[in-house]
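*Asks:* Just upload25.pdb, nothing more (PDB, C-alpha atoms):
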ATOM      1  CA  MET A   1    -106.484  39.805 -19.537
ATOM      2  CA  ASN A   2    -108.658  36.852 -18.644
ATOM      3  CA  ARG A   3    -108.772  35.083 -15.306
ATOM      4  CA  PHE A   4    -106.312  32.366 -16.362
ATOM      5  CA  GLY A   5    -103.800  35.000 -17.507
ATOM      6  CA  LYS A   6    -104.015  36.804 -14.157
ATOM      7  CA  ILE A   7    -103.374  33.537 -12.300
ATOM      8  CA  LEU A   8    -100.293  32.843 -14.453
ATOM      9  CA  LEU A   9     -99.014  36.373 -13.866
ATOM     10  CA  LEU A  10     -99.461  36.055 -10.086
ATOM     11  CA  ALA A  11     -97.778  32.648 -10.116
ATOM     12  CA  ALA A  12     -94.814  34.089 -12.005
ATOM     13  CA  PHE A  13     -94.352  36.846  -9.417
ATOM     14  CA  ALA A  14     -94.754  34.381  -6.555
ATOM     15  CA  ALA A  15     -91.907  32.272  -7.973
ATOM     16  CA  LEU A  16     -89.454  35.184  -7.884
ATOM     17  CA  PRO A  17     -86.951  35.232  -5.021
ATOM     18  CA  TYR A  18     -87.730  37.538  -2.094
ATOM     19  CA  GLY A  19     -86.425  41.074  -2.543
ATOM     20  CA  VAL A  20     -86.136  41.034  -6.341
ATOM     21  CA  THR A  21     -86.224  44.538  -7.787
ATOM     22  CA  GLY A  22     -85.516  43.973 -11.465
ATOM     23  CA  SER A  23     -83.155  42.475 -13.961
ATOM     24  CA  THR A  24     -79.811  43.489 -15.330
ATOM     25  CA  ALA A  25     -78.929  43.671 -19.008
ATOM     26  CA  ASP A  26     -78.002  39.979 -19.080
ATOM     27  CA  GLY A  27     -81.307  38.958 -17.453
ATOM     28  CA  ASP A  28     -80.014  38.106 -13.970
ATOM     29  CA  TYR A  29     -82.101  39.377 -11.080
ATOM     30  CA  GLN A  30     -80.449  41.639  -8.533
ATOM     31  CA  PRO A  31     -81.701  41.379  -4.931
ATOM     32  CA  GLU A  32     -82.594  44.622  -3.212
ATOM     33  CA  THR A  33     -80.717  45.774  -0.165
ATOM     34  CA  VAL A  34     -81.956  43.874   2.863
ATOM     35  CA  VAL A  35     -82.432  45.894   6.035
ATOM     36  CA  THR A  36     -82.329  43.852   9.197
ATOM     37  CA  GLU A  37     -84.082  45.004  12.341
ATOM     38  CA  THR A  38     -81.736  45.579  15.239
ATOM     39  CA  VAL A  39     -82.572  44.551  18.760
ATOM     40  CA  PRO A  40     -82.821  47.537  21.110
ATOM     41  CA  ALA A  41     -79.839  47.956  23.387
ATOM     42  CA  THR A  42     -82.127  48.398  26.414
ATOM     43  CA  THR A  43     -85.348  46.836  27.634
ATOM     44  CA  VAL A  44     -87.751  48.194  30.227
ATOM     45  CA  ALA A  45     -90.062  46.120  32.432
ATOM     46  CA  VAL A  46     -92.329  46.915  35.387
ATOM     47  CA  LEU A  47     -92.831  44.390  38.179
ATOM     48  CA  ASP A  48     -94.355  44.941  41.635
ATOM     49  CA  GLY A  49     -94.060  48.733  41.450
ATOM     50  CA  SER A  50     -90.396  48.717  40.407
ATOM     51  CA  ILE A  51     -88.864  49.540  37.046
ATOM     52  CA  TYR A  52     -86.252  47.120  35.723
ATOM     53  CA  ILE A  53     -84.010  48.395  32.950
ATOM     54  CA  THR A  54     -81.670  45.959  31.211
ATOM     55  CA  ALA A  55     -78.935  47.614  29.153
ATOM     56  CA  ALA A  56     -76.312  46.031  26.918
ATOM     57  CA  GLU A  57     -73.842  48.802  27.754
ATOM     58  CA  ASN A  58     -73.458  51.749  30.127
ATOM     59  CA  THR A  59     -76.133  54.294  29.298
ATOM     60  CA  THR A  60     -77.935  57.338  30.656
ATOM     61  CA  ILE A  61     -81.663  57.092  31.241
ATOM     62  CA  LYS A  62     -84.135  59.901  31.767
ATOM     63  CA  ILE A  63     -87.553  59.382  33.341
ATOM     64  CA  TYR A  64     -90.296  61.943  32.714
ATOM     65  CA  THR A  65     -93.855  62.312  33.976
ATOM     66  CA  ILE A  66     -96.594  62.178  31.372
ATOM     67  CA  LEU A  67     -96.614  66.007  31.557
ATOM     68  CA  GLY A  68     -92.946  66.135  30.533
ATOM     69  CA  ASN A  69     -91.353  66.958  33.898
ATOM     70  CA  LEU A  70     -87.966  65.299  34.439
ATOM     71  CA  VAL A  71     -88.166  62.984  37.463
ATOM     72  CA  LEU A  72     -84.835  61.174  37.284
ATOM     73  CA  GLU A  73     -81.678  61.247  35.179
ATOM     74  CA  LYS A  74     -79.238  58.479  35.966
ATOM     75  CA  LYS A  75     -76.250  56.718  34.430
ATOM     76  CA  ILE A  76     -76.754  52.969  34.671
ATOM     77  CA  PRO A  77     -74.212  50.195  34.084
ATOM     78  CA  ALA A  78     -74.588  47.300  31.675
ATOM     79  CA  GLY A  79     -76.915  44.658  33.065
ATOM     80  CA  THR A  80     -80.180  45.026  34.948
ATOM     81  CA  THR A  81     -80.904  48.025  37.173
ATOM     82  CA  GLN A  82     -83.889  48.339  39.507
ATOM     83  CA  ILE A  83     -85.460  51.779  40.004
ATOM     84  CA  GLN A  84     -88.271  52.686  42.394
ATOM     85  CA  LEU A  85     -90.197  55.919  42.064
ATOM     86  CA  LYS A  86     -92.108  57.549  44.920
ATOM     87  CA  ALA A  87     -95.385  58.182  43.101
ATOM     88  CA  ARG A  88     -97.568  55.935  41.022
ATOM     89  CA  GLY A  89     -98.499  57.141  37.553
ATOM     90  CA  ILE A  90     -97.590  57.058  33.889
ATOM     91  CA  TYR A  91     -93.955  57.753  33.015
ATOM     92  CA  LEU A  92     -91.876  58.078  29.861
ATOM     93  CA  ILE A  93     -88.426  56.501  29.952
ATOM     94  CA  ASN A  94     -85.802  57.704  27.487
ATOM     95  CA  THR A  95     -83.107  55.040  27.232
ATOM     96  CA  GLY A  96     -81.049  56.739  24.560
ATOM     97  CA  ASP A  97     -82.150  54.443  21.745
ATOM     98  CA  SER A  98     -85.894  54.528  22.426
ATOM     99  CA  ILE A  99     -88.666  55.999  24.534
ATOM    100  CA  LYS A 100     -90.926  53.648  26.498
ATOM    101  CA  ARG A 101     -94.202  54.454  28.250
ATOM    102  CA  ILE A 102     -94.878  52.638  31.499
ATOM    103  CA  ALA A 103     -97.556  52.705  34.161
ATOM    104  CA  LEU A 104     -96.755  52.165  37.846
TER     105      LEU A 104
END
Turn this file's structure into structure tokens for me.
*Replies:*
Amino acid sequence: MNRFGKILLLAAFAALPYGVTGSTADGDYQPETVVTETVPATTVAVLDGSIYITAAENTTIKIYTILGNLVLEKKIPAGTTQIQLKARGIYLINTGDSIKRIAL
């Protein structure tokens, strides 16, 4: 295939709708299943030595040291909760739907 043929082929694929996987017997294109990314139910932020956890619903959090020792297990309500730990360091926070690493 020469250079012009490759350009035409690329242009033909670029004109296809996003998510096209193939055609049916009658020639109509069928879109593939679209997977949307969900927003995590909780967010974790560190400010001035405190941990702020914002949850969309009541949830249980677990905070571990970097060595895997459980420091705190707590049920928190929906909304923002402030947590202060005694020692500075690197911690892992399990929020049920994700694990976040923070440094205090």
*Asks:* Just the number, please: distance in Å from CA of Lys100 in chain A to CA of Tyr64 in chain A, one decimal.
*Replies:*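 If I compute the distance from CA of Lys100 in chain A to CA of Tyr64 in chain A, I get 10.4 Å.
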*Asks:* Between CA of Ala45 in chain A and CA of Ile76 in chain A, what distance in Å does the model show, to one decimal?
*Replies:* 15.1 Å
*Asks:* Quick one: distance from CA of Thr80 in chain A to CA of Thr65 in chain A in Å, one decimal?
*Replies:*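 Taking CA of Thr80 in chain A as the start and CA of Thr65 in chain A as the end point, the length is 22.1 Å.
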*Asks:* Pick the closest to Thr81 in chain A from A:Ile93, A:Ile51, A:Ala103, A:Leu67: which is it, counting all atoms listed in the file?
*Replies:* A:Ile51
*Asks:* Using the chain letters and numbers from this file, what does the PyMOL selection byres ((chain A and resi 94-98) around 8) select? Give the answer as a PyMOL selection string.
*Replies:* chain A and resi 40-42+59-63+92-93+99-100
*Asks:* What do you get, as a ChimeraX atom specification, if you spell out every residue that the PyMOL selection byres ((chain A and resi 88) around 12) selects here?
*Replies:* /A:46,48-51,65-66,84-87,89-91,102-104
*Asks:* Output the selection as a CSV table (one decimal), in the frame of the given file - C-alpha atoms for each residue.
*Replies:*
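Okay, this is what ended up in part14.csv:
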chain,number,residue,atom,x,y,z
A,46,VAL,CA,-92.3,46.9,35.4
A,48,ASP,CA,-94.4,44.9,41.6
A,49,GLY,CA,-94.1,48.7,41.4
A,50,SER,CA,-90.4,48.7,40.4
A,51,ILE,CA,-88.9,49.5,37.0
A,65,THR,CA,-93.9,62.3,34.0
A,66,ILE,CA,-96.6,62.2,31.4
A,84,GLN,CA,-88.3,52.7,42.4
A,85,LEU,CA,-90.2,55.9,42.1
A,86,LYS,CA,-92.1,57.5,44.9
A,87,ALA,CA,-95.4,58.2,43.1
A,89,GLY,CA,-98.5,57.1,37.6
A,90,ILE,CA,-97.6,57.1,33.9
A,91,TYR,CA,-94.0,57.8,33.0
A,102,ILE,CA,-94.9,52.6,31.5
A,103,ALA,CA,-97.6,52.7,34.2
A,104,LEU,CA,-96.8,52.2,37.8
